[in-house]
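Below is one structure, written out as structure tokens, with a few remarks after it.
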Amino acid sequence: MIDHAQDLASVHEATERLLGAAAALDTAGLAAPSRLPGWSRGHVLAHLARNADALVNVLEGRPMYEDAATRDADIERDAPRPLGVQLADVRNTAARFLHSASVPADWTRTVELRNGVTDMAARIPFRRLVEVELHHVDLGLGRDLEDLSEEFVAREIDFLAQRFSGNPSVPPLTVKASDGRTWRTGGEEGDPLPVTGPAADLMGWLAGRRDGAALEFSGGPLPVLPPL
């Protein structure tokens with residue numbers, strides 16, 4: 001069962017942890033490449049701030065972004081800002097998100113995100129937690145996927161397995177963690193092929209953060225997953 005209040009508390013903790021790590025950056029470190037191709041650390045911080053604004057829009061019934069081009073342009077605009085401005089923006093927009101999410105509301109209602117994707121409002125805090133936790137790793141400041149909690153990793157694999165479930169461009173798969181936890185995903189036609197490995201590596205592959213080299217797959221090369 002989704003506990004949006006607990007997820008909001010986790011968002012606050014994860015945000016403070018990220019801000020503490022990013023505060024140690026200098027100008028060169030902020031401009032250095034992140035782990036995401038084509039993005040500096042400044043791009044990552046700018047995206048986190050604009051994503052918080054976008055999720056406020058979602059919770060309050062407005063379009064998440066004006067359009068894809070504006071979303072991308074806003075990140076490019078904000079990426080070169082000084083560290084103090086970046087940190088203040090992430091902190092202030094995070095506070096606005098938490099404030100918006102604290103207003104009494106029907107958490108079972110359906111809300112709309114990007115590209116026509118819909119979800120239950122109660123899942124929005126976890127979506128924000130994913131943004132903060134994975135982008136903290138993307139900053140390349142010493143935190144890695146293995147540092148994320150077992151509960152978070154399992155929930156994110158479950159979320160991503162649902163995301164790719166029924167997608168005909170993904171072959172039927174059984175995603176199995178080394179500890180025995182199993183998820184079904186991919187297309188419906190045919191017997192599912194097993195992808196096995198450590199949970200962090202499975203999550204990293206599904207989330208586009210790792211190439212899957214640490215995973216076992218008997219069906220040839222690992223499938224190329226569509227972008228999230």
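In the structure tokens, the first chain shown is A, the next is B, and so on; residue numbers restart at 1 for each chain, and ligands run from 1 in the order shown.
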
For Glu156 of chain A, please output as a PyMOL selection string all residues within 7 Å (counting only C-alpha atoms; exclusion window: fewer than 4 positions along the same chain). chain A and resi 152+160+203

Take the selection from the previous step and output its residues with all heavy atoms, as an mmCIF file, in the first residue's frame.
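Produced file result_23.cif, reproduced below:
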```cif
data_model
loop_
_atom_site.group_PDB
_atom_site.id
_atom_site.type_symbol
_atom_site.label_atom_id
_atom_site.label_comp_id
_atom_site.auth_asym_id
_atom_site.auth_seq_id
_atom_site.Cartn_x
_atom_site.Cartn_y
_atom_site.Cartn_z
ATOM 1 N N PHE A 152 13.798 1.088 -1.398
ATOM 2 C CA PHE A 152 13.716 1.987 -2.548
ATOM 3 C C PHE A 152 14.020 1.233 -3.831
ATOM 4 O O PHE A 152 13.305 1.370 -4.839
ATOM 5 C CB PHE A 152 14.689 3.155 -2.383
ATOM 6 C CG PHE A 152 14.751 4.035 -3.612
ATOM 7 C CD1 PHE A 152 13.841 5.057 -3.786
ATOM 8 C CD2 PHE A 152 15.709 3.817 -4.591
ATOM 9 C CE1 PHE A 152 13.882 5.860 -4.929
ATOM 10 C CE2 PHE A 152 15.759 4.605 -5.737
ATOM 11 C CZ PHE A 152 14.837 5.632 -5.901
ATOM 12 N N LEU A 160 9.399 0.320 -12.579
ATOM 13 C CA LEU A 160 9.913 0.237 -13.938
ATOM 14 C C LEU A 160 9.413 -1.012 -14.649
ATOM 15 O O LEU A 160 9.145 -0.986 -15.854
ATOM 16 C CB LEU A 160 11.444 0.268 -13.920
ATOM 17 C CG LEU A 160 12.045 1.602 -13.451
ATOM 18 C CD1 LEU A 160 13.538 1.452 -13.209
ATOM 19 C CD2 LEU A 160 11.776 2.703 -14.474
ATOM 20 N N MET A 203 18.066 -2.512 -11.290
ATOM 21 C CA MET A 203 17.447 -1.203 -11.299
ATOM 22 C C MET A 203 18.208 -0.252 -12.222
ATOM 23 O O MET A 203 17.611 0.507 -12.989
ATOM 24 C CB MET A 203 17.386 -0.613 -9.891
ATOM 25 C CG MET A 203 16.692 0.736 -9.818
ATOM 26 S SD MET A 203 16.815 1.537 -8.191
ATOM 27 C CE MET A 203 18.575 1.911 -8.132
#
```

Write out as a PyMOL selection string the residues lying within 8 Å of Val58 of chain A, counting only C-alpha atoms and excluding same-chain residues fewer than 3 positions away. chain A and resi 54-55+61-64+111-113

Identify, on the basis of only C-alpha atoms, every residue whose closest approach to Val153 of chain A does not exceed 10 Å; exclude the query and any residue fewer than 2 positions from it along the same chain; express the result as a PyMOL selection string. chain A and resi 130+145-151+155-159+199-204

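Here atom CA of Ala177 of chain A stands at a distance of 25.6 Å from atom CA of Ile124 of chain A.
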
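Here atom CA of Asp211 of chain A and atom CA of Gly142 of chain A stand 19.5 Å from one another.
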
At a cut-off of 12 Å, using only C-alpha atoms, what residues contact segment 15-32 of chain A? Leave out same-chain residues fewer than 5 positions from it and give the result as a tab-separated table (two decimals) with N, CA and C atoms, in the first residue's frame.
```
chain	number	residue	atom	x	y	z
A	8	LEU	N	6.79	11.42	1.35
A	8	LEU	CA	7.13	12.84	1.45
A	8	LEU	C	8.24	13.07	2.47
A	9	ALA	N	8.18	12.35	3.58
A	9	ALA	CA	9.27	12.45	4.56
A	9	ALA	C	10.58	11.97	3.96
A	10	SER	N	10.53	10.92	3.16
A	10	SER	CA	11.74	10.42	2.50
A	10	SER	C	12.26	11.41	1.47
A	37	PRO	N	24.90	11.57	-19.98
A	37	PRO	CA	25.53	12.08	-21.21
A	37	PRO	C	25.01	13.46	-21.60
A	38	GLY	N	25.93	14.38	-21.82
A	38	GLY	CA	25.57	15.71	-22.29
A	38	GLY	C	25.15	16.68	-21.21
A	39	TRP	N	25.09	16.23	-19.97
A	39	TRP	CA	24.67	17.11	-18.88
A	39	TRP	C	25.81	17.33	-17.90
A	40	SER	N	26.00	18.59	-17.52
A	40	SER	CA	26.89	18.92	-16.41
A	40	SER	C	26.15	18.70	-15.10
A	41	ARG	N	26.88	18.83	-14.00
A	41	ARG	CA	26.20	18.79	-12.70
A	41	ARG	C	25.20	19.93	-12.56
A	42	GLY	N	25.53	21.07	-13.19
A	42	GLY	CA	24.59	22.18	-13.18
A	42	GLY	C	23.28	21.84	-13.87
A	43	HIS	N	23.36	21.07	-14.96
A	43	HIS	CA	22.13	20.61	-15.62
A	43	HIS	C	21.29	19.75	-14.68
A	44	VAL	N	21.94	18.86	-13.94
A	44	VAL	CA	21.21	17.97	-13.04
A	44	VAL	C	20.48	18.78	-11.97
A	45	LEU	N	21.18	19.74	-11.36
A	45	LEU	CA	20.55	20.56	-10.32
A	45	LEU	C	19.42	21.40	-10.90
A	46	ALA	N	19.63	21.96	-12.08
A	46	ALA	CA	18.58	22.76	-12.71
A	46	ALA	C	17.36	21.89	-13.00
A	48	LEU	N	16.41	19.20	-11.39
A	48	LEU	CA	15.74	18.88	-10.14
A	48	LEU	C	14.81	20.01	-9.69
A	49	ALA	N	15.29	21.24	-9.84
A	49	ALA	CA	14.45	22.38	-9.45
A	49	ALA	C	13.23	22.50	-10.35
A	52	ALA	N	10.62	19.82	-9.64
A	52	ALA	CA	9.78	20.11	-8.47
A	52	ALA	C	8.65	21.06	-8.86
A	78	ASP	N	19.19	27.43	-16.97
A	78	ASP	CA	19.54	27.46	-15.55
A	78	ASP	C	20.82	26.71	-15.22
A	79	ALA	N	21.29	25.86	-16.11
A	79	ALA	CA	22.47	25.03	-15.81
A	79	ALA	C	23.72	25.82	-15.45
A	80	PRO	N	24.02	26.97	-16.08
A	80	PRO	CA	25.29	27.67	-15.78
A	80	PRO	C	25.26	28.54	-14.52
A	81	ARG	N	24.20	28.58	-13.78
A	81	ARG	CA	24.09	29.50	-12.65
A	81	ARG	C	25.10	29.16	-11.55
A	82	PRO	N	25.49	30.15	-10.74
A	82	PRO	CA	26.42	29.90	-9.63
A	82	PRO	C	25.85	28.89	-8.65
A	83	LEU	N	26.73	28.25	-7.90
A	83	LEU	CA	26.32	27.19	-6.99
A	83	LEU	C	25.29	27.66	-5.98
A	84	GLY	N	25.50	28.84	-5.39
A	84	GLY	CA	24.55	29.32	-4.39
A	84	GLY	C	23.15	29.48	-4.95
A	85	VAL	N	23.06	29.94	-6.18
A	85	VAL	CA	21.75	30.11	-6.83
A	85	VAL	C	21.13	28.74	-7.09
A	86	GLN	N	21.96	27.81	-7.55
A	86	GLN	CA	21.45	26.46	-7.83
A	86	GLN	C	20.89	25.82	-6.56
A	87	LEU	N	21.67	25.87	-5.49
A	87	LEU	CA	21.24	25.22	-4.26
A	87	LEU	C	19.97	25.86	-3.70
A	88	ALA	N	19.91	27.18	-3.74
A	88	ALA	CA	18.71	27.87	-3.25
A	88	ALA	C	17.49	27.50	-4.08
A	89	ASP	N	17.67	27.36	-5.38
A	89	ASP	CA	16.55	27.00	-6.26
A	89	ASP	C	16.07	25.59	-5.95
A	90	VAL	N	16.99	24.65	-5.80
A	90	VAL	CA	16.59	23.28	-5.46
A	90	VAL	C	15.88	23.25	-4.12
A	91	ARG	N	16.43	23.95	-3.14
A	91	ARG	CA	15.82	23.95	-1.81
A	91	ARG	C	14.43	24.61	-1.82
A	92	ASN	N	14.31	25.76	-2.47
A	92	ASN	CA	13.05	26.49	-2.46
A	92	ASN	C	11.96	25.76	-3.25
A	93	THR	N	12.32	25.21	-4.39
A	93	THR	CA	11.32	24.48	-5.17
A	93	THR	C	10.92	23.18	-4.47
A	94	ALA	N	11.87	22.55	-3.78
A	94	ALA	CA	11.54	21.35	-3.01
A	94	ALA	C	10.55	21.69	-1.90
A	95	ALA	N	10.76	22.84	-1.26
A	95	ALA	CA	9.84	23.27	-0.21
A	95	ALA	C	8.45	23.54	-0.78
A	97	PHE	N	7.15	22.09	-3.39
A	97	PHE	CA	6.54	20.79	-3.67
A	97	PHE	C	5.97	20.17	-2.40
A	98	LEU	N	6.76	20.17	-1.33
A	98	LEU	CA	6.30	19.57	-0.08
A	98	LEU	C	5.09	20.32	0.48
A	128	ARG	N	8.86	11.77	-7.13
A	128	ARG	CA	9.83	12.82	-6.78
A	128	ARG	C	11.01	12.22	-6.05
A	129	LEU	N	10.77	11.24	-5.19
A	129	LEU	CA	11.87	10.58	-4.49
A	129	LEU	C	12.82	9.92	-5.49
A	130	VAL	N	12.27	9.30	-6.51
A	130	VAL	CA	13.12	8.69	-7.55
A	130	VAL	C	13.99	9.75	-8.22
A	131	GLU	N	13.39	10.89	-8.54
A	131	GLU	CA	14.16	11.97	-9.17
A	131	GLU	C	15.34	12.37	-8.27
A	132	VAL	N	15.07	12.59	-7.00
A	132	VAL	CA	16.11	13.07	-6.10
A	132	VAL	C	17.19	12.01	-5.89
A	133	GLU	N	16.79	10.78	-5.64
A	133	GLU	CA	17.77	9.73	-5.34
A	133	GLU	C	18.62	9.39	-6.56
A	134	LEU	N	18.01	9.18	-7.71
A	134	LEU	CA	18.79	8.81	-8.89
A	134	LEU	C	19.66	9.96	-9.38
A	135	HIS	N	19.14	11.17	-9.31
A	135	HIS	CA	19.97	12.30	-9.77
A	135	HIS	C	21.09	12.62	-8.77
A	136	HIS	N	20.91	12.28	-7.50
A	136	HIS	CA	22.04	12.38	-6.58
A	136	HIS	C	23.16	11.47	-7.05
A	137	VAL	N	22.82	10.26	-7.44
A	137	VAL	CA	23.82	9.34	-8.00
A	137	VAL	C	24.41	9.92	-9.29
A	138	ASP	N	23.55	10.50	-10.13
A	138	ASP	CA	24.02	11.08	-11.40
A	138	ASP	C	25.03	12.20	-11.19
A	139	LEU	N	24.98	12.88	-10.06
A	139	LEU	CA	25.93	13.97	-9.81
A	139	LEU	C	27.36	13.46	-9.70
A	140	GLY	N	27.55	12.19	-9.39
A	140	GLY	CA	28.90	11.64	-9.29
A	140	GLY	C	29.67	12.20	-8.12
A	141	LEU	N	29.02	12.26	-6.97
A	141	LEU	CA	29.65	12.84	-5.78
A	141	LEU	C	29.88	11.80	-4.68
A	142	GLY	N	30.03	10.55	-5.09
A	142	GLY	CA	30.36	9.51	-4.14
A	142	GLY	C	29.20	8.63	-3.73
A	143	ARG	N	28.01	8.95	-4.15
A	143	ARG	CA	26.84	8.11	-3.85
A	143	ARG	C	26.54	7.26	-5.07
```

Which of segment 3-228 of chain A counts as strand (DSSP E or B) under DSSP, as a PyMOL selection string please? chain A and resi 33+40+110-112+118-120+173-177+182-185+193-197+216-217

Step one, run DSSP on the backbone; step two, keep only residues of chain A assigned to alpha helix (DSSP H); then write them as a PyMOL selection string. chain A and resi 4-22+27-31+41-59+68-78+83-102+124-138+150-164+199-206
